[in-house]
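One file, work29.csv, is given below (CSV, C-alpha atoms).
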```csv
chain,number,residue,atom,x,y,z
A,1,MET,CA,13.2,-4.1,-11.8
A,2,VAL,CA,14.2,-7.5,-10.3
A,3,ARG,CA,11.5,-10.1,-11.0
A,4,GLY,CA,10.4,-12.5,-8.3
A,5,HIS,CA,10.9,-11.0,-4.8
A,6,LEU,CA,12.6,-7.7,-4.9
A,7,LEU,CA,16.1,-7.6,-3.3
A,8,LYS,CA,15.7,-6.6,0.3
A,9,SER,CA,17.9,-3.6,-0.1
A,10,MET,CA,15.7,-2.2,-2.9
A,11,ILE,CA,12.7,0.1,-2.6
A,12,GLN,CA,12.0,1.4,-6.1
A,13,ILE,CA,10.6,4.9,-6.5
A,14,HIS,CA,9.3,6.0,-9.9
A,15,ASP,CA,7.7,9.4,-10.5
A,16,ASP,CA,5.2,10.1,-13.3
A,17,CYS,CA,5.0,6.4,-13.9
A,18,VAL,CA,1.5,6.3,-15.4
A,19,GLU,CA,0.6,8.1,-18.6
A,20,SER,CA,-1.4,11.2,-17.6
A,21,LYS,CA,-4.7,10.3,-19.3
A,22,TYR,CA,-4.9,7.0,-17.5
A,23,PHE,CA,-3.8,8.4,-14.1
A,24,ASN,CA,-6.2,11.3,-14.4
A,25,ALA,CA,-9.1,9.0,-15.3
A,26,LEU,CA,-8.4,6.9,-12.2
A,27,LYS,CA,-8.0,10.0,-10.0
A,28,THR,CA,-11.2,11.6,-11.3
A,29,LYS,CA,-13.2,8.5,-10.2
A,30,VAL,CA,-11.5,8.2,-6.8
A,31,PHE,CA,-11.9,11.9,-6.0
A,32,ASN,CA,-15.5,11.9,-6.9
A,33,PHE,CA,-16.7,11.3,-3.4
A,34,ARG,CA,-20.4,10.9,-4.5
A,35,PHE,CA,-19.3,8.1,-6.8
A,36,MET,CA,-16.6,6.3,-4.8
A,37,PRO,CA,-17.8,4.4,-1.7
A,38,TRP,CA,-15.4,4.5,1.2
A,39,PHE,CA,-15.6,2.2,4.2
A,40,PHE,CA,-14.5,3.2,7.7
A,41,ASN,CA,-11.6,1.4,9.5
A,42,GLN,CA,-11.4,2.1,13.2
A,43,PHE,CA,-7.7,1.0,13.1
A,44,THR,CA,-5.6,1.6,10.0
A,45,ALA,CA,-3.3,-1.4,10.2
A,46,TYR,CA,-3.8,-4.0,12.9
A,47,THR,CA,-7.1,-4.3,14.9
A,48,GLU,CA,-5.3,-3.6,18.1
A,49,LYS,CA,-7.2,-1.7,20.8
A,50,SER,CA,-6.1,1.9,20.7
A,51,THR,CA,-7.2,5.1,22.4
A,52,ASP,CA,-5.7,7.2,19.7
A,53,THR,CA,-8.5,8.9,17.8
A,54,PHE,CA,-6.2,9.4,14.8
A,55,ASP,CA,-5.6,5.7,14.3
A,56,ASN,CA,-8.4,5.4,11.7
A,57,SER,CA,-8.9,5.6,8.0
A,58,PHE,CA,-11.2,4.7,5.1
A,59,ASN,CA,-10.7,2.1,2.4
A,60,HIS,CA,-12.1,0.7,-0.8
A,61,ILE,CA,-11.2,-2.8,-2.1
A,62,ALA,CA,-11.2,-3.1,-5.9
A,63,VAL,CA,-9.5,-6.5,-6.3
A,64,ARG,CA,-9.6,-9.3,-3.8
A,65,ASN,CA,-7.9,-12.7,-4.2
A,66,TYR,CA,-7.2,-11.9,-7.9
A,67,LYS,CA,-10.9,-11.1,-8.6
A,68,ASP,CA,-12.4,-7.7,-9.5
A,69,VAL,CA,-14.9,-6.8,-6.7
A,70,SER,CA,-15.7,-3.1,-7.5
A,71,MET,CA,-16.2,-0.8,-10.4
A,72,MET,CA,-12.7,0.7,-9.7
A,73,ALA,CA,-10.9,-2.5,-10.7
A,74,PRO,CA,-10.6,-1.8,-14.4
A,75,TYR,CA,-9.2,1.7,-13.7
A,76,ALA,CA,-6.7,0.2,-11.2
A,77,ARG,CA,-5.6,-2.6,-13.5
A,78,MET,CA,-5.1,-0.1,-16.4
A,79,CYS,CA,-2.9,2.1,-14.4
A,80,ILE,CA,-0.8,-0.8,-13.1
A,81,ALA,CA,-0.5,-2.2,-16.6
A,82,GLN,CA,0.6,1.2,-17.9
A,83,ALA,CA,3.2,1.6,-15.1
A,84,PHE,CA,4.8,-1.8,-15.7
A,85,PHE,CA,4.8,-1.2,-19.4
A,86,LYS,CA,6.7,2.1,-18.9
A,87,LEU,CA,9.1,0.2,-16.7
A,88,GLY,CA,9.7,-2.4,-19.4
A,89,GLU,CA,8.2,-5.2,-17.3
A,90,PRO,CA,5.5,-7.7,-18.0
A,91,VAL,CA,2.1,-7.1,-16.3
A,92,PRO,CA,2.0,-9.1,-13.1
A,93,GLU,CA,-0.8,-11.1,-11.5
A,94,ILE,CA,-2.7,-8.7,-9.3
A,95,ILE,CA,-3.7,-10.3,-6.0
A,96,ARG,CA,-5.3,-7.3,-4.3
A,97,VAL,CA,-6.0,-3.6,-4.9
A,98,ARG,CA,-7.0,-1.4,-2.0
A,99,PHE,CA,-7.5,2.4,-2.0
A,100,GLY,CA,-6.8,4.0,1.3
A,101,LEU,CA,-7.9,7.5,2.5
A,102,ILE,CA,-6.4,9.0,5.6
A,103,LEU,CA,-7.8,12.3,6.8
A,104,ASN,CA,-5.9,15.3,8.3
A,105,ALA,CA,-4.8,14.9,11.9
A,106,GLN,CA,-3.5,17.2,14.6
A,107,HIS,CA,-0.2,15.3,14.7
A,108,ASN,CA,1.8,13.0,12.5
A,109,LYS,CA,0.4,9.7,13.7
A,110,ILE,CA,2.4,6.7,12.3
A,111,HIS,CA,0.1,3.7,12.0
A,112,GLY,CA,1.1,0.2,12.8
A,113,PRO,CA,4.0,-1.3,10.9
A,114,HIS,CA,2.7,-4.3,8.9
A,115,ILE,CA,2.8,-6.5,5.9
A,116,ASP,CA,-0.2,-7.3,3.8
A,117,SER,CA,0.0,-11.1,3.8
A,118,HIS,CA,2.2,-14.0,5.0
A,119,LYS,CA,1.9,-15.5,1.4
A,120,PRO,CA,4.7,-14.5,-1.0
A,121,HIS,CA,3.9,-11.3,-2.8
A,122,GLN,CA,5.3,-7.9,-3.8
A,123,THR,CA,3.7,-4.6,-3.1
A,124,GLY,CA,3.1,-1.4,-4.9
A,125,LEU,CA,1.9,2.0,-3.7
A,126,LEU,CA,0.6,4.5,-6.2
A,127,TYR,CA,0.1,7.9,-4.6
A,128,LEU,CA,-2.8,9.8,-5.9
A,129,ASN,CA,-2.2,13.3,-4.5
A,130,ASP,CA,0.6,15.5,-3.1
A,131,SER,CA,0.5,15.3,0.6
A,132,ASP,CA,2.4,15.0,3.8
A,133,GLY,CA,1.9,11.8,5.7
A,134,ASP,CA,4.9,9.8,4.6
A,135,THR,CA,5.1,6.0,4.2
A,136,TYR,CA,7.7,4.6,6.5
A,137,PHE,CA,9.8,1.5,5.6
A,138,TYR,CA,11.6,-0.6,8.1
A,139,ASP,CA,14.6,-2.8,7.9
A,140,ASN,CA,12.5,-5.7,9.2
A,141,TYR,CA,11.1,-8.5,7.2
A,142,TYR,CA,8.6,-11.4,7.7
A,143,ASP,CA,10.5,-14.7,8.0
A,144,PRO,CA,8.4,-17.7,7.0
A,145,SER,CA,10.7,-20.0,8.9
A,146,LEU,CA,9.6,-18.4,12.2
A,147,ASP,CA,5.9,-18.7,11.4
A,148,GLU,CA,4.1,-20.7,14.1
A,149,GLY,CA,0.6,-20.2,12.6
A,150,LEU,CA,0.3,-16.9,14.3
A,151,SER,CA,-1.9,-14.1,13.1
A,152,GLN,CA,-0.2,-11.2,11.4
A,153,PHE,CA,-0.5,-9.0,14.5
A,154,ASP,CA,0.7,-11.7,16.9
A,155,TYR,CA,3.7,-12.5,14.7
A,156,TYR,CA,4.5,-8.7,14.6
A,157,LYS,CA,4.3,-8.5,18.4
A,158,LYS,CA,6.5,-11.6,19.0
A,159,PHE,CA,9.2,-11.1,16.4
A,160,VAL,CA,9.2,-7.5,15.1
A,161,LYS,CA,7.7,-4.9,17.4
A,162,ASP,CA,10.7,-4.6,19.8
A,163,ASN,CA,13.3,-4.6,17.1
A,164,LEU,CA,11.9,-2.1,14.6
A,165,LYS,CA,14.6,-0.2,12.6
A,166,GLU,CA,13.5,2.5,10.2
A,167,LYS,CA,15.1,2.3,6.8
A,168,GLN,CA,13.6,5.2,4.9
A,169,SER,CA,10.4,7.2,4.3
A,170,VAL,CA,8.7,8.2,1.1
A,171,THR,CA,6.6,11.4,0.7
A,172,PRO,CA,3.3,11.1,-1.2
A,173,LYS,CA,3.4,12.8,-4.6
A,174,ALA,CA,0.7,12.4,-7.3
A,175,ASN,CA,1.7,9.6,-9.8
A,176,ARG,CA,4.6,8.5,-7.7
A,177,LEU,CA,5.0,4.7,-7.5
A,178,ALA,CA,6.8,2.8,-4.8
A,179,LEU,CA,7.6,-0.9,-5.3
A,180,PHE,CA,9.1,-3.2,-2.7
A,181,ASP,CA,9.2,-6.7,-1.3
A,182,GLY,CA,5.9,-7.6,0.3
A,183,TYR,CA,7.6,-9.1,3.3
A,184,GLN,CA,9.1,-5.7,4.3
A,185,TYR,CA,7.4,-4.0,7.2
A,186,HIS,CA,6.0,-0.6,6.4
A,187,ALA,CA,3.5,1.9,7.8
A,188,SER,CA,1.4,4.8,6.6
A,189,SER,CA,1.0,8.1,8.6
A,190,SER,CA,-1.6,10.8,8.9
A,191,PRO,CA,-1.2,14.1,7.0
A,192,VAL,CA,-1.1,17.3,9.1
A,193,ASN,CA,-0.7,20.0,6.5
A,194,THR,CA,-3.0,18.6,3.8
A,195,GLN,CA,-6.6,17.7,3.9
A,196,PHE,CA,-6.2,14.1,3.1
A,197,ARG,CA,-3.9,11.4,1.7
A,198,ILE,CA,-5.1,8.9,-0.9
A,199,VAL,CA,-3.0,5.9,-2.0
A,200,MET,CA,-3.7,2.9,-4.2
A,201,TYR,CA,-2.1,-0.1,-2.7
A,202,PHE,CA,-1.7,-3.3,-4.7
A,203,ASN,CA,-0.2,-6.7,-4.1
A,204,TYR,CA,1.1,-8.7,-7.0
A,205,THR,CA,3.1,-11.7,-8.1
A,206,TYR,CA,4.8,-13.2,-11.1
A,207,ASP,CA,3.9,-16.7,-10.0
A,208,LYS,CA,1.3,-17.9,-12.5
A,209,SER,CA,0.6,-21.1,-10.6
A,210,ARG,CA,-0.9,-19.1,-7.6
```

Show me, as structure tokens, the structure contained in the file I just sent.
Amino acid sequence: MVRGHLLKSMIQIHDDCVESKYFNALKTKVFNFRFMPWFFNQFTAYTEKSTDTFDNSFNHIAVRNYKDVSMMAPYARMCIAQAFFKLGEPVPEIIRVRFGLILNAQHNKIHGPHIDSHKPHQTGLLYLNDSDGDTYFYDNYYDPSLDEGLSQFDYYKKFVKDNLKEKQSVTPKANRLALFDGYQYHASSSPVNTQFRIVMYFNYTYDKSR
């Protein structure tokens, strides 16, 4: 792994990255729908008005602004620590952890390409179940030098939307980890052949100064 920002040409994919006992402990909690509270999002990425009834999802925030905000945070942190240990890397500073659940749809709806923050960060996706509904990665990156104080969506509309170029896609597989530069645009999509798709998203940094 390259520390600091990942090289723009690199999207790292690691299978079976978390020791099974830790991964299964996390998955057991997440898949216990009586235990795990999920919150509805009308729009999966940006809050743009849409008539597409499949542009929705559910989420659960475990870590926000470096702080644990739910009972899922210790499980998430343990799995991240285990994965980075296995990769031979120090455990990073965790900025945010979000669990995302996307239900089965009648067609493969690709949600809005986005980044998670305009602040420097790196991003990890830990897939929790085998599913269709790929994650799409684009050969487009946020450029801080172009930032005019725009919202994330307004920046996307002005500088990215008309020039999107797909780079690759990754299929969800239980205990598969994708690591990439947080400034790279990416998008989730709705599963068609499986009941649901659940992913643990996390943003991190090695900058101790914050």

Protein/DNA/RNA residues near (1.5, -1.2, -10.5), cut 12 Å, all atoms listed in the file, as a short mmCIF file (atom, residue, chain, number, x, y, z; two decimals) with C-alpha atoms, in the frame of the given file:
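Resulting contents of out_39.cif:
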```cif
data_model
loop_
_atom_site.label_atom_id
_atom_site.label_comp_id
_atom_site.auth_asym_id
_atom_site.auth_seq_id
_atom_site.Cartn_x
_atom_site.Cartn_y
_atom_site.Cartn_z
CA GLN A 12 12.00 1.40 -6.10
CA ILE A 13 10.60 4.90 -6.50
CA HIS A 14 9.30 6.00 -9.90
CA CYS A 17 5.00 6.40 -13.90
CA VAL A 18 1.50 6.30 -15.40
CA PHE A 23 -3.80 8.40 -14.10
CA TYR A 75 -9.20 1.70 -13.70
CA ALA A 76 -6.70 0.20 -11.20
CA ARG A 77 -5.60 -2.60 -13.50
CA MET A 78 -5.10 -0.10 -16.40
CA CYS A 79 -2.90 2.10 -14.40
CA ILE A 80 -0.80 -0.80 -13.10
CA ALA A 81 -0.50 -2.20 -16.60
CA GLN A 82 0.60 1.20 -17.90
CA ALA A 83 3.20 1.60 -15.10
CA PHE A 84 4.80 -1.80 -15.70
CA PHE A 85 4.80 -1.20 -19.40
CA LYS A 86 6.70 2.10 -18.90
CA LEU A 87 9.10 0.20 -16.70
CA GLU A 89 8.20 -5.20 -17.30
CA PRO A 90 5.50 -7.70 -18.00
CA VAL A 91 2.10 -7.10 -16.30
CA PRO A 92 2.00 -9.10 -13.10
CA GLU A 93 -0.80 -11.10 -11.50
CA ILE A 94 -2.70 -8.70 -9.30
CA ILE A 95 -3.70 -10.30 -6.00
CA ARG A 96 -5.30 -7.30 -4.30
CA VAL A 97 -6.00 -3.60 -4.90
CA GLN A 122 5.30 -7.90 -3.80
CA THR A 123 3.70 -4.60 -3.10
CA GLY A 124 3.10 -1.40 -4.90
CA LEU A 125 1.90 2.00 -3.70
CA LEU A 126 0.60 4.50 -6.20
CA TYR A 127 0.10 7.90 -4.60
CA ASN A 175 1.70 9.60 -9.80
CA ARG A 176 4.60 8.50 -7.70
CA LEU A 177 5.00 4.70 -7.50
CA ALA A 178 6.80 2.80 -4.80
CA LEU A 179 7.60 -0.90 -5.30
CA PHE A 180 9.10 -3.20 -2.70
CA VAL A 199 -3.00 5.90 -2.00
CA MET A 200 -3.70 2.90 -4.20
CA TYR A 201 -2.10 -0.10 -2.70
CA PHE A 202 -1.70 -3.30 -4.70
CA ASN A 203 -0.20 -6.70 -4.10
CA TYR A 204 1.10 -8.70 -7.00
CA THR A 205 3.10 -11.70 -8.10
#
```

key: Nearest residue to A:Leu150 from the set A:Pro113, A:Ser189, A:Pro74, A:His118 (distances using all atoms listed in the file)   =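 For A:Leu150, the nearest of the candidates is A:His118.
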
Option closest in space to A:Asn163, from A:Lys21, A:Tyr141, A:Asp181, A:Gly133 [counting only C-alpha atoms] =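 Among the listed residues, the smallest separation from A:Asn163 belongs to A:Tyr141.
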
Nearby residues (all atoms listed in the file) at most 9 Å from A:His60, same-chain spacing under 3 positions excluded, as a list in words = Met36, Pro37, Trp38, Phe39, Ser70, Met72, Val97, Arg98, Phe99, Gly100 and Leu101 of chain A

key: Using all atoms listed in the file: which of A:His114, A:Lys167, A:Lys157, A:Arg197 has the shortest distance to A:Gly182   = A:His114

task = Please indicate the distance in Å from atom CA of A:Lys161 to atom CA of A:Ile61, rounded to one decimal place.
result = 27.2 Å

Could you give me stretch 101-136 of chain A completed to N, CA and C atoms, formatted as a PDB file, in the coordinates of the input?
```
ATOM      1  N   LEU A 101      -7.710   6.041   2.238  1.00  0.00           N
ATOM      2  CA  LEU A 101      -7.900   7.500   2.500  1.00  0.00           C
ATOM      3  C   LEU A 101      -7.646   7.759   3.937  1.00  0.00           C
ATOM      4  N   ILE A 102      -6.672   8.622   4.222  1.00  0.00           N
ATOM      5  CA  ILE A 102      -6.400   9.000   5.600  1.00  0.00           C
ATOM      6  C   ILE A 102      -6.597  10.526   5.706  1.00  0.00           C
ATOM      7  N   LEU A 103      -7.417  10.926   6.666  1.00  0.00           N
ATOM      8  CA  LEU A 103      -7.800  12.300   6.800  1.00  0.00           C
ATOM      9  C   LEU A 103      -6.697  13.081   7.646  1.00  0.00           C
ATOM     10  N   ASN A 104      -6.745  14.384   7.531  1.00  0.00           N
ATOM     11  CA  ASN A 104      -5.900  15.300   8.300  1.00  0.00           C
ATOM     12  C   ASN A 104      -5.996  15.032   9.780  1.00  0.00           C
ATOM     13  N   ALA A 105      -4.853  15.063  10.453  1.00  0.00           N
ATOM     14  CA  ALA A 105      -4.800  14.900  11.900  1.00  0.00           C
ATOM     15  C   ALA A 105      -4.071  16.032  12.554  1.00  0.00           C
ATOM     16  N   GLN A 106      -4.177  16.126  13.864  1.00  0.00           N
ATOM     17  CA  GLN A 106      -3.500  17.200  14.600  1.00  0.00           C
ATOM     18  C   GLN A 106      -2.025  16.931  14.798  1.00  0.00           C
ATOM     19  N   HIS A 107      -1.643  15.693  14.612  1.00  0.00           N
ATOM     20  CA  HIS A 107      -0.200  15.300  14.700  1.00  0.00           C
ATOM     21  C   HIS A 107       0.075  14.213  13.762  1.00  0.00           C
ATOM     22  N   ASN A 108       1.350  14.020  13.479  1.00  0.00           N
ATOM     23  CA  ASN A 108       1.800  13.000  12.500  1.00  0.00           C
ATOM     24  C   ASN A 108       1.720  11.631  13.124  1.00  0.00           C
ATOM     25  N   LYS A 109       0.555  11.022  13.118  1.00  0.00           N
ATOM     26  CA  LYS A 109       0.400   9.700  13.700  1.00  0.00           C
ATOM     27  C   LYS A 109       0.904   8.647  12.688  1.00  0.00           C
ATOM     28  N   ILE A 110       1.893   7.861  13.125  1.00  0.00           N
ATOM     29  CA  ILE A 110       2.400   6.700  12.300  1.00  0.00           C
ATOM     30  C   ILE A 110       1.589   5.510  12.706  1.00  0.00           C
ATOM     31  N   HIS A 111       0.960   4.885  11.716  1.00  0.00           N
ATOM     32  CA  HIS A 111       0.100   3.700  12.000  1.00  0.00           C
ATOM     33  C   HIS A 111       0.966   2.475  12.149  1.00  0.00           C
ATOM     34  N   GLY A 112       0.328   1.374  12.446  1.00  0.00           N
ATOM     35  CA  GLY A 112       1.100   0.200  12.800  1.00  0.00           C
ATOM     36  C   GLY A 112       1.905  -0.376  11.636  1.00  0.00           C
ATOM     37  N   PRO A 113       3.193  -0.627  11.869  1.00  0.00           N
ATOM     38  CA  PRO A 113       4.000  -1.300  10.900  1.00  0.00           C
ATOM     39  C   PRO A 113       3.428  -2.688  10.574  1.00  0.00           C
ATOM     40  N   HIS A 114       3.402  -3.067   9.303  1.00  0.00           N
ATOM     41  CA  HIS A 114       2.700  -4.300   8.900  1.00  0.00           C
ATOM     42  C   HIS A 114       3.192  -4.801   7.579  1.00  0.00           C
ATOM     43  N   ILE A 115       2.783  -6.015   7.252  1.00  0.00           N
ATOM     44  CA  ILE A 115       2.800  -6.500   5.900  1.00  0.00           C
ATOM     45  C   ILE A 115       1.409  -6.893   5.517  1.00  0.00           C
ATOM     46  N   ASP A 116       1.143  -7.083   4.237  1.00  0.00           N
ATOM     47  CA  ASP A 116      -0.200  -7.300   3.800  1.00  0.00           C
ATOM     48  C   ASP A 116      -0.634  -8.784   3.842  1.00  0.00           C
ATOM     49  N   SER A 117       0.341  -9.679   3.801  1.00  0.00           N
ATOM     50  CA  SER A 117       0.000 -11.100   3.800  1.00  0.00           C
ATOM     51  C   SER A 117       1.261 -11.911   4.131  1.00  0.00           C
ATOM     52  N   HIS A 118       1.049 -13.091   4.715  1.00  0.00           N
ATOM     53  CA  HIS A 118       2.200 -14.000   5.000  1.00  0.00           C
ATOM     54  C   HIS A 118       2.480 -14.843   3.712  1.00  0.00           C
ATOM     55  N   LYS A 119       1.632 -14.767   2.701  1.00  0.00           N
ATOM     56  CA  LYS A 119       1.900 -15.500   1.400  1.00  0.00           C
ATOM     57  C   LYS A 119       2.877 -14.644   0.605  1.00  0.00           C
ATOM     58  N   PRO A 120       3.739 -15.285  -0.181  1.00  0.00           N
ATOM     59  CA  PRO A 120       4.700 -14.500  -1.000  1.00  0.00           C
ATOM     60  C   PRO A 120       4.021 -13.536  -1.927  1.00  0.00           C
ATOM     61  N   HIS A 121       4.519 -12.328  -1.956  1.00  0.00           N
ATOM     62  CA  HIS A 121       3.900 -11.300  -2.800  1.00  0.00           C
ATOM     63  C   HIS A 121       4.903 -10.108  -2.865  1.00  0.00           C
ATOM     64  N   GLN A 122       4.627  -9.213  -3.772  1.00  0.00           N
ATOM     65  CA  GLN A 122       5.300  -7.900  -3.800  1.00  0.00           C
ATOM     66  C   GLN A 122       4.222  -6.843  -3.712  1.00  0.00           C
ATOM     67  N   THR A 123       4.652  -5.655  -3.348  1.00  0.00           N
ATOM     68  CA  THR A 123       3.700  -4.600  -3.100  1.00  0.00           C
ATOM     69  C   THR A 123       4.030  -3.327  -3.827  1.00  0.00           C
ATOM     70  N   GLY A 124       2.980  -2.645  -4.289  1.00  0.00           N
ATOM     71  CA  GLY A 124       3.100  -1.400  -4.900  1.00  0.00           C
ATOM     72  C   GLY A 124       2.225  -0.322  -4.274  1.00  0.00           C
ATOM     73  N   LEU A 125       2.707   0.896  -4.178  1.00  0.00           N
ATOM     74  CA  LEU A 125       1.900   2.000  -3.700  1.00  0.00           C
ATOM     75  C   LEU A 125       1.902   3.085  -4.763  1.00  0.00           C
ATOM     76  N   LEU A 126       0.726   3.416  -5.267  1.00  0.00           N
ATOM     77  CA  LEU A 126       0.600   4.500  -6.200  1.00  0.00           C
ATOM     78  C   LEU A 126      -0.091   5.661  -5.508  1.00  0.00           C
ATOM     79  N   TYR A 127       0.667   6.738  -5.281  1.00  0.00           N
ATOM     80  CA  TYR A 127       0.100   7.900  -4.600  1.00  0.00           C
ATOM     81  C   TYR A 127      -0.726   8.715  -5.542  1.00  0.00           C
ATOM     82  N   LEU A 128      -1.913   9.115  -5.071  1.00  0.00           N
ATOM     83  CA  LEU A 128      -2.800   9.800  -5.900  1.00  0.00           C
ATOM     84  C   LEU A 128      -2.879  11.329  -5.727  1.00  0.00           C
ATOM     85  N   ASN A 129      -2.275  11.810  -4.641  1.00  0.00           N
ATOM     86  CA  ASN A 129      -2.200  13.300  -4.500  1.00  0.00           C
ATOM     87  C   ASN A 129      -0.956  13.665  -3.710  1.00  0.00           C
ATOM     88  N   ASP A 130      -0.571  14.919  -3.906  1.00  0.00           N
ATOM     89  CA  ASP A 130       0.600  15.500  -3.100  1.00  0.00           C
ATOM     90  C   ASP A 130       0.090  15.672  -1.709  1.00  0.00           C
ATOM     91  N   SER A 131       0.884  15.198  -0.777  1.00  0.00           N
ATOM     92  CA  SER A 131       0.500  15.300   0.600  1.00  0.00           C
ATOM     93  C   SER A 131       1.674  15.077   1.522  1.00  0.00           C
ATOM     94  N   ASP A 132       1.520  15.478   2.781  1.00  0.00           N
ATOM     95  CA  ASP A 132       2.400  15.000   3.800  1.00  0.00           C
ATOM     96  C   ASP A 132       1.818  13.668   4.292  1.00  0.00           C
ATOM     97  N   GLY A 133       2.362  13.100   5.329  1.00  0.00           N
ATOM     98  CA  GLY A 133       1.900  11.800   5.700  1.00  0.00           C
ATOM     99  C   GLY A 133       2.730  10.721   5.020  1.00  0.00           C
ATOM    100  N   ASP A 134       4.027  10.696   5.317  1.00  0.00           N
ATOM    101  CA  ASP A 134       4.900   9.800   4.600  1.00  0.00           C
ATOM    102  C   ASP A 134       4.591   8.320   4.860  1.00  0.00           C
ATOM    103  N   THR A 135       5.084   7.470   3.968  1.00  0.00           N
ATOM    104  CA  THR A 135       5.100   6.000   4.200  1.00  0.00           C
ATOM    105  C   THR A 135       6.476   5.701   4.775  1.00  0.00           C
ATOM    106  N   TYR A 136       6.488   4.946   5.871  1.00  0.00           N
ATOM    107  CA  TYR A 136       7.700   4.600   6.500  1.00  0.00           C
ATOM    108  C   TYR A 136       8.055   3.110   6.224  1.00  0.00           C
TER     109      TYR A 136
END
```
